[in-house]
Amino acid sequence: MCSPTTTPENNNDHLVQSSDPNHPANLIPALCAKFWTLGWVTGTGGGASIRSDDLVYLAPSGVQKELMKPDDIYVLSLAAQAQSLDKRQRVYLRSPANYKPSQCTPLFLAAFTKRNAGCCIHTHSHWAVLVTLILETQGAGKDKEFMINNIEQIKGFGKGFGKSGNLGYHDTLKIPVIENTAHEEDLTEFLEEAMDKYPDTYAVLVRRHGVYVWGENVHKAKTMCESLDYLFQLAVEMKKLGLPWVTDIEPTVPTRK
Ligand SMILES: CSC[C@@H](O)[C@@H](O)C(=O)COP(=O)(O)O
Ligand SMILES: [Zn+2]
């Protein structure tokens, strides 16, 4: 299951060799090194994947994500994957030696195929985990979504897949929460369910685990992941101060002279 299929003679190494710092094989290690400093990908957890047209660039499993090199990156073709008869069999154009592909692969692929995302980031941020723990204490029914409004940073989010523009200050940002599973890949069906139930969401929280965030491109995925982490941290601090995450502040219309 999920064993790599590659061309042994050349392993398509040219797919990960570029002097362009924005090439996905260079950018994934660079981004993960930055994310490690934020506590997002420590202890091999978390990661990031980038899609460029048909090609998906992925990290190996169980490696220190902040120390990865371009040569460590897997490359998969979405078209070849779609044609594969066994959908659980991954069709890699390039596989680095002595590694296994990230366990997050089917979750990243869900963001690329169901949302046409160009980048998906998975963090194990303390703030994301804490928000899911706080929600858990609120009991069944209230523990399945994180909601916050009337905070400026909400404007860092797009309105939704296929919609133009960003959320406004008074809009309520809703992020679904799914339960963790013993194996990362078993989260896939629940992540896809959450995407169907919340068609506008760009993120899904995983209880006691972290968060998946995607965007049309690297810039948008990174911006939303940073905005979300800011909001999760703020929400944890607000909870400690007894402040509500959702308020009914009415929009004010300034009078211009
Ligand atoms: C600290 S182990 C974390 C893993 O089980 C998983 O949750 C994860 O995010 C990373 O999986 P990986 O296969 O190393 O890319
Ligand atoms: Zn994880």
# chains A, B, ... in the order shown; residues from 1 in each chain; ligands from 1
$ residues_around --residues "Lys222 of chain A" --least-positions-apart "6" --cutoff "10 Å" --atoms "only C-alpha atoms" --output "VMD selection string"
chain A and resid 31 35 48 119 to 121 213 to 215 228
$ residues_near_ligand --ligand "ligand 1" --cutoff "8 Å" --atoms "only C-alpha atoms and all ligand atoms" --output "MDAnalysis selection string"
chainID A and resid 41:47 59:63 65 100:105 122:124 183:184 209
$ residues_around --residues "segment 170-172 of chain A" --least-positions-apart "6" --cutoff "9 Å" --atoms "only C-alpha atoms" --output "list in words"
Met147, Ile148, Asn149, Asn150, Ile151, Glu152, Ile154, Lys155, Val246, Asp248, Ile249, Glu250 and Pro251 of chain A
$ write_last_selection --atoms "all heavy atoms" --output "tab-separated table (two decimals), in the first residue's frame"
chain	number	residue	atom	x	y	z
A	147	MET	N	-14.90	29.41	16.48
A	147	MET	CA	-15.48	30.63	15.88
A	147	MET	C	-14.91	31.87	16.57
A	147	MET	O	-14.76	31.88	17.80
A	147	MET	CB	-17.00	30.65	16.09
A	147	MET	CG	-17.74	29.72	15.18
A	147	MET	SD	-19.48	30.16	15.09
A	147	MET	CE	-20.05	29.60	16.66
A	148	ILE	N	-14.62	32.88	15.79
A	148	ILE	CA	-14.14	34.15	16.36
A	148	ILE	C	-14.55	35.28	15.41
A	148	ILE	O	-14.61	35.09	14.19
A	148	ILE	CB	-12.60	34.10	16.58
A	148	ILE	CG1	-12.13	35.25	17.47
A	148	ILE	CG2	-11.82	34.05	15.27
A	148	ILE	CD1	-10.78	35.03	18.11
A	149	ASN	N	-14.86	36.45	16.00
A	149	ASN	CA	-15.18	37.62	15.15
A	149	ASN	C	-14.67	38.91	15.81
A	149	ASN	O	-14.14	38.89	16.92
A	149	ASN	CB	-16.69	37.70	14.85
A	149	ASN	CG	-17.53	38.01	16.07
A	149	ASN	OD1	-17.03	38.22	17.17
A	149	ASN	ND2	-18.84	38.01	15.89
A	150	ASN	N	-14.83	39.98	15.07
A	150	ASN	CA	-14.44	41.31	15.56
A	150	ASN	C	-12.98	41.39	16.01
A	150	ASN	O	-12.67	41.99	17.05
A	150	ASN	CB	-15.39	41.75	16.68
A	150	ASN	CG	-16.80	41.98	16.14
A	150	ASN	OD1	-16.98	42.72	15.18
A	150	ASN	ND2	-17.78	41.32	16.73
A	151	ILE	N	-12.12	40.75	15.25
A	151	ILE	CA	-10.66	40.84	15.46
A	151	ILE	C	-10.06	41.15	14.09
A	151	ILE	O	-10.36	40.47	13.10
A	151	ILE	CB	-10.07	39.51	16.01
A	151	ILE	CG1	-10.70	39.12	17.36
A	151	ILE	CG2	-8.54	39.61	16.12
A	151	ILE	CD1	-10.33	39.98	18.55
A	152	GLU	N	-9.21	42.18	14.03
A	152	GLU	CA	-8.68	42.66	12.74
A	152	GLU	C	-8.05	41.57	11.88
A	152	GLU	O	-8.21	41.55	10.66
A	152	GLU	CB	-7.67	43.79	13.02
A	152	GLU	CG	-7.05	44.43	11.80
A	152	GLU	CD	-8.03	45.31	11.00
A	152	GLU	OE1	-9.17	45.52	11.44
A	152	GLU	OE2	-7.61	45.75	9.90
A	154	ILE	N	-8.76	38.66	11.25
A	154	ILE	CA	-9.69	37.85	10.46
A	154	ILE	C	-9.64	38.27	8.99
A	154	ILE	O	-9.89	37.47	8.08
A	154	ILE	CB	-11.13	37.98	11.05
A	154	ILE	CG1	-11.21	37.23	12.37
A	154	ILE	CG2	-12.19	37.48	10.08
A	154	ILE	CD1	-12.44	37.52	13.17
A	155	LYS	N	-9.28	39.54	8.75
A	155	LYS	CA	-9.21	40.04	7.37
A	155	LYS	C	-8.09	39.39	6.57
A	155	LYS	O	-7.98	39.59	5.37
A	155	LYS	CB	-9.05	41.56	7.39
A	155	LYS	CG	-10.34	42.26	7.80
A	155	LYS	CD	-10.13	43.63	8.40
A	155	LYS	CE	-9.72	44.68	7.44
A	155	LYS	NZ	-9.68	46.03	8.08
A	246	VAL	N	-16.65	35.28	20.43
A	246	VAL	CA	-17.64	35.85	19.51
A	246	VAL	C	-18.41	36.93	20.25
A	246	VAL	O	-18.93	36.69	21.34
A	246	VAL	CB	-18.60	34.75	18.98
A	246	VAL	CG1	-19.68	35.36	18.10
A	246	VAL	CG2	-17.83	33.68	18.22
A	248	ASP	N	-21.14	40.59	19.72
A	248	ASP	CA	-22.11	41.14	18.77
A	248	ASP	C	-21.92	42.64	18.58
A	248	ASP	O	-22.87	43.40	18.55
A	248	ASP	CB	-23.54	40.81	19.21
A	248	ASP	CG	-23.82	41.30	20.61
A	248	ASP	OD1	-22.91	41.93	21.20
A	248	ASP	OD2	-24.93	41.07	21.11
A	249	ILE	N	-20.64	43.05	18.44
A	249	ILE	CA	-20.35	44.46	18.15
A	249	ILE	C	-20.96	44.82	16.80
A	249	ILE	O	-20.71	44.13	15.80
A	249	ILE	CB	-18.83	44.71	18.11
A	249	ILE	CG1	-18.20	44.39	19.48
A	249	ILE	CG2	-18.51	46.14	17.70
A	249	ILE	CD1	-16.68	44.35	19.44
A	250	GLU	N	-21.77	45.87	16.77
A	250	GLU	CA	-22.41	46.30	15.51
A	250	GLU	C	-21.42	47.08	14.67
A	250	GLU	O	-20.63	47.87	15.19
A	250	GLU	CB	-23.61	47.21	15.81
A	250	GLU	CG	-24.79	46.48	16.42
A	250	GLU	CD	-25.34	45.40	15.50
A	250	GLU	OE1	-25.50	45.67	14.29
A	250	GLU	OE2	-25.58	44.28	15.98
A	251	PRO	N	-21.46	46.88	13.36
A	251	PRO	CA	-20.58	47.70	12.49
A	251	PRO	C	-20.89	49.18	12.66
A	251	PRO	O	-22.07	49.56	12.71
A	251	PRO	CB	-20.94	47.23	11.08
A	251	PRO	CG	-21.60	45.91	11.25
A	251	PRO	CD	-22.25	45.92	12.60
$ closest_residue --among "A:Gly141, A:Gly156, A:Gly118, A:Gly210" --to "ligand 2" --atoms "only C-alpha atoms and all ligand atoms"
A:Gly210
$ closest_residue --among "A:Leu27, A:Ile134, A:Ala203, A:Leu109" --to "Leu76 of chain A" --atoms "only C-alpha atoms"
A:Leu109
$ select_by_dssp --residues "segment 71-168 of chain A" --states "helix (DSSP H, G or I)" --output "PyMOL selection string"
chain A and resi 71-72+78-83+105-115+126-136+152-156
$ residues_around --residues "Ile28 of chain A" --least-positions-apart "2" --cutoff "9 Å" --atoms "only C-alpha atoms" --output "short mmCIF file (atom, residue, chain, number, x, y, z; two decimals) with C-alpha atoms, in the first residue's frame"
data_model
loop_
_atom_site.label_atom_id
_atom_site.label_comp_id
_atom_site.auth_asym_id
_atom_site.auth_seq_id
_atom_site.Cartn_x
_atom_site.Cartn_y
_atom_site.Cartn_z
CA HIS A 23 11.12 26.25 -6.79
CA PRO A 24 8.97 23.96 -4.57
CA ALA A 25 11.91 21.62 -3.84
CA ASN A 26 13.84 24.61 -2.43
CA ALA A 30 13.11 26.82 3.54
CA LEU A 31 9.53 27.18 4.78
CA CYS A 32 9.83 24.24 7.19
CA ALA A 33 13.03 25.75 8.65
CA GLY A 47 5.06 19.73 7.36
CA ALA A 48 4.18 21.40 4.08
CA SER A 49 3.46 20.41 0.51
CA ILE A 50 3.37 22.49 -2.68
CA TYR A 57 6.15 18.12 -3.96
CA LEU A 58 6.20 16.27 -0.61
CA ALA A 59 8.52 15.72 2.35
CA MET A 68 15.40 18.79 4.93
CA LYS A 69 17.26 19.30 1.65
CA PRO A 70 15.78 19.61 -1.89
CA ILE A 73 11.73 15.76 -1.71
#
$ select_by_dssp --residues "segment 20-235 of chain A" --states "strand (DSSP E or B)" --output "JSON, numbers by chain"
{"A": [47, 48, 49, 50, 51, 52, 55, 56, 57, 58, 60, 74, 75, 76, 77, 92, 93, 94, 101, 119, 120, 121, 122, 123, 145, 146, 147, 148, 158, 166, 173, 174, 175, 176, 177, 178, 203, 204, 205, 206, 210, 211, 212, 213, 214, 215]}
$ write_last_selection --atoms "N, CA and C atoms" --output "short mmCIF file (atom, residue, chain, number, x, y, z; two decimals), in the first residue's frame"
data_model
loop_
_atom_site.label_atom_id
_atom_site.label_comp_id
_atom_site.auth_asym_id
_atom_site.auth_seq_id
_atom_site.Cartn_x
_atom_site.Cartn_y
_atom_site.Cartn_z
N GLY A 47 4.38 19.70 8.65
CA GLY A 47 5.06 19.73 7.36
C GLY A 47 4.35 20.64 6.38
N ALA A 48 4.79 20.56 5.13
CA ALA A 48 4.18 21.40 4.08
C ALA A 48 4.34 20.71 2.74
N SER A 49 3.40 20.97 1.86
CA SER A 49 3.46 20.41 0.51
C SER A 49 3.05 21.50 -0.48
N ILE A 50 3.66 21.49 -1.65
CA ILE A 50 3.37 22.49 -2.68
C ILE A 50 2.98 21.77 -3.98
N ARG A 51 1.95 22.33 -4.67
CA ARG A 51 1.57 21.82 -6.00
C ARG A 51 1.93 22.87 -7.04
N SER A 52 2.58 22.42 -8.11
CA SER A 52 2.86 23.30 -9.23
C SER A 52 2.26 22.63 -10.46
N LEU A 55 2.27 18.73 -10.74
CA LEU A 55 3.26 18.10 -9.86
C LEU A 55 3.09 18.51 -8.40
N VAL A 56 3.14 17.50 -7.52
CA VAL A 56 3.02 17.73 -6.07
C VAL A 56 4.35 17.37 -5.42
N TYR A 57 4.87 18.29 -4.62
CA TYR A 57 6.15 18.12 -3.96
C TYR A 57 5.89 17.84 -2.47
N LEU A 58 6.51 16.76 -1.97
CA LEU A 58 6.20 16.27 -0.61
C LEU A 58 7.47 15.93 0.16
N PRO A 60 9.65 13.70 3.10
CA PRO A 60 9.67 12.33 3.63
C PRO A 60 9.02 12.28 5.02
N TYR A 74 9.97 14.25 -2.40
CA TYR A 74 9.21 13.37 -3.31
C TYR A 74 8.45 14.23 -4.32
N VAL A 75 8.22 13.67 -5.51
CA VAL A 75 7.40 14.35 -6.51
C VAL A 75 6.36 13.36 -7.04
N LEU A 76 5.12 13.81 -7.07
CA LEU A 76 3.99 12.96 -7.51
C LEU A 76 3.22 13.70 -8.61
N SER A 77 2.73 12.94 -9.58
CA SER A 77 1.91 13.54 -10.64
C SER A 77 0.44 13.29 -10.32
N TYR A 92 4.70 7.91 -7.59
CA TYR A 92 5.71 8.96 -7.47
C TYR A 92 6.60 9.01 -8.71
N LEU A 93 6.83 10.23 -9.19
CA LEU A 93 7.78 10.40 -10.29
C LEU A 93 9.20 10.37 -9.76
N ARG A 94 9.34 10.80 -8.50
CA ARG A 94 10.65 10.81 -7.86
C ARG A 94 10.52 10.40 -6.40
N PRO A 101 7.34 8.30 2.13
CA PRO A 101 6.70 9.61 1.99
C PRO A 101 5.91 9.99 3.23
N CYS A 119 -0.83 25.05 -2.16
CA CYS A 119 0.05 24.77 -1.01
C CYS A 119 -0.81 24.34 0.17
N CYS A 120 -0.32 23.39 0.93
CA CYS A 120 -1.01 22.98 2.16
C CYS A 120 0.03 22.84 3.27
N ILE A 121 -0.28 23.43 4.43
CA ILE A 121 0.65 23.44 5.57
C ILE A 121 -0.02 22.70 6.73
N HIS A 122 0.74 21.83 7.39
CA HIS A 122 0.23 21.12 8.58
C HIS A 122 1.11 21.50 9.76
N THR A 123 0.51 22.10 10.81
CA THR A 123 1.31 22.45 11.98
C THR A 123 0.84 21.67 13.21
N GLU A 145 -16.51 23.20 16.19
CA GLU A 145 -16.01 24.31 15.38
C GLU A 145 -15.47 25.43 16.25
N PHE A 146 -14.41 26.06 15.75
CA PHE A 146 -13.84 27.24 16.39
C PHE A 146 -14.41 28.46 15.69
N MET A 147 -14.90 29.41 16.48
CA MET A 147 -15.48 30.63 15.88
C MET A 147 -14.91 31.87 16.57
N ILE A 148 -14.62 32.88 15.79
CA ILE A 148 -14.14 34.15 16.36
C ILE A 148 -14.55 35.28 15.41
N GLY A 158 -9.35 34.55 3.10
CA GLY A 158 -10.20 34.61 1.92
C GLY A 158 -11.62 34.24 2.30
N ASN A 166 -11.59 39.03 0.72
CA ASN A 166 -11.30 38.47 2.04
C ASN A 166 -12.46 38.72 3.00
N LEU A 173 -15.24 34.07 11.58
CA LEU A 173 -14.40 33.02 11.01
C LEU A 173 -14.76 31.70 11.70
N LYS A 174 -15.05 30.67 10.90
CA LYS A 174 -15.40 29.35 11.45
C LYS A 174 -14.41 28.31 10.94
N ILE A 175 -13.81 27.58 11.86
CA ILE A 175 -12.88 26.51 11.48
C ILE A 175 -13.39 25.19 12.06
N PRO A 176 -13.70 24.20 11.20
CA PRO A 176 -14.18 22.92 11.73
C PRO A 176 -13.10 22.15 12.49
N VAL A 177 -13.56 21.32 13.42
CA VAL A 177 -12.63 20.48 14.21
C VAL A 177 -12.98 19.02 13.94
N ILE A 178 -11.98 18.22 13.61
CA ILE A 178 -12.20 16.77 13.48
C ILE A 178 -11.42 16.07 14.59
N ALA A 203 -9.14 25.79 6.36
CA ALA A 203 -8.39 25.10 7.42
C ALA A 203 -9.29 24.11 8.14
N VAL A 204 -8.67 23.08 8.67
CA VAL A 204 -9.38 22.12 9.53
C VAL A 204 -8.47 21.84 10.73
N LEU A 205 -9.05 22.02 11.93
CA LEU A 205 -8.32 21.68 13.16
C LEU A 205 -8.45 20.19 13.42
N VAL A 206 -7.39 19.60 13.97
CA VAL A 206 -7.45 18.18 14.36
C VAL A 206 -7.24 18.14 15.88
N GLY A 210 -3.30 19.28 15.85
CA GLY A 210 -2.79 20.46 15.14
C GLY A 210 -3.80 20.99 14.15
N VAL A 211 -3.30 21.49 13.03
CA VAL A 211 -4.20 22.10 12.03
C VAL A 211 -3.64 21.89 10.63
N TYR A 212 -4.54 21.74 9.66
CA TYR A 212 -4.19 21.75 8.24
C TYR A 212 -4.73 23.05 7.65
N VAL A 213 -3.89 23.79 6.91
CA VAL A 213 -4.28 25.06 6.29
C VAL A 213 -3.82 25.05 4.84
N TRP A 214 -4.69 25.42 3.91
CA TRP A 214 -4.29 25.44 2.51
C TRP A 214 -4.67 26.77 1.87
N GLY A 215 -4.11 27.01 0.70
CA GLY A 215 -4.42 28.24 -0.04
C GLY A 215 -4.10 28.04 -1.49
#
$ atom_distance --atom1 "atom CA of Thr223 of chain A" --atom2 "atom CA of Phe157 of chain A"
8.1 Å
$ residues_around --residues "Glu192 of chain A" --least-positions-apart "4" --cutoff "8 Å" --atoms "only C-alpha atoms" --output "PyMOL selection string"
chain A and resi 110+188+196
$ closest_residue --among "A:Ala221, A:Val131, A:Leu191, A:Ala79" --to "Val236 of chain A" --atoms "only C-alpha atoms"
A:Val131
$ closest_residue --among "A:Ala111, A:Leu241, A:Ala80, A:Val129" --to "Asn180 of chain A" --atoms "only C-alpha atoms"
A:Val129
$ residues_around --residues "Asp229 of chain A" --least-positions-apart "6" --cutoff "8 Å" --atoms "only C-alpha atoms" --output "number ranges by chain"
A: 125, 127-128
$ write_last_selection --atoms "C-alpha atoms" --output "short mmCIF file (atom, residue, chain, number, x, y, z; two decimals), in the first residue's frame"
data_model
loop_
_atom_site.label_atom_id
_atom_site.label_comp_id
_atom_site.auth_asym_id
_atom_site.auth_seq_id
_atom_site.Cartn_x
_atom_site.Cartn_y
_atom_site.Cartn_z
CA SER A 125 1.28 24.46 16.95
CA TRP A 127 -2.07 27.20 20.07
CA ALA A 128 -4.01 25.04 17.61
#
$ atom_distance --atom1 "atom CA of Gly160 of chain A" --atom2 "atom CA of Glu216 of chain A"
10.5 Å
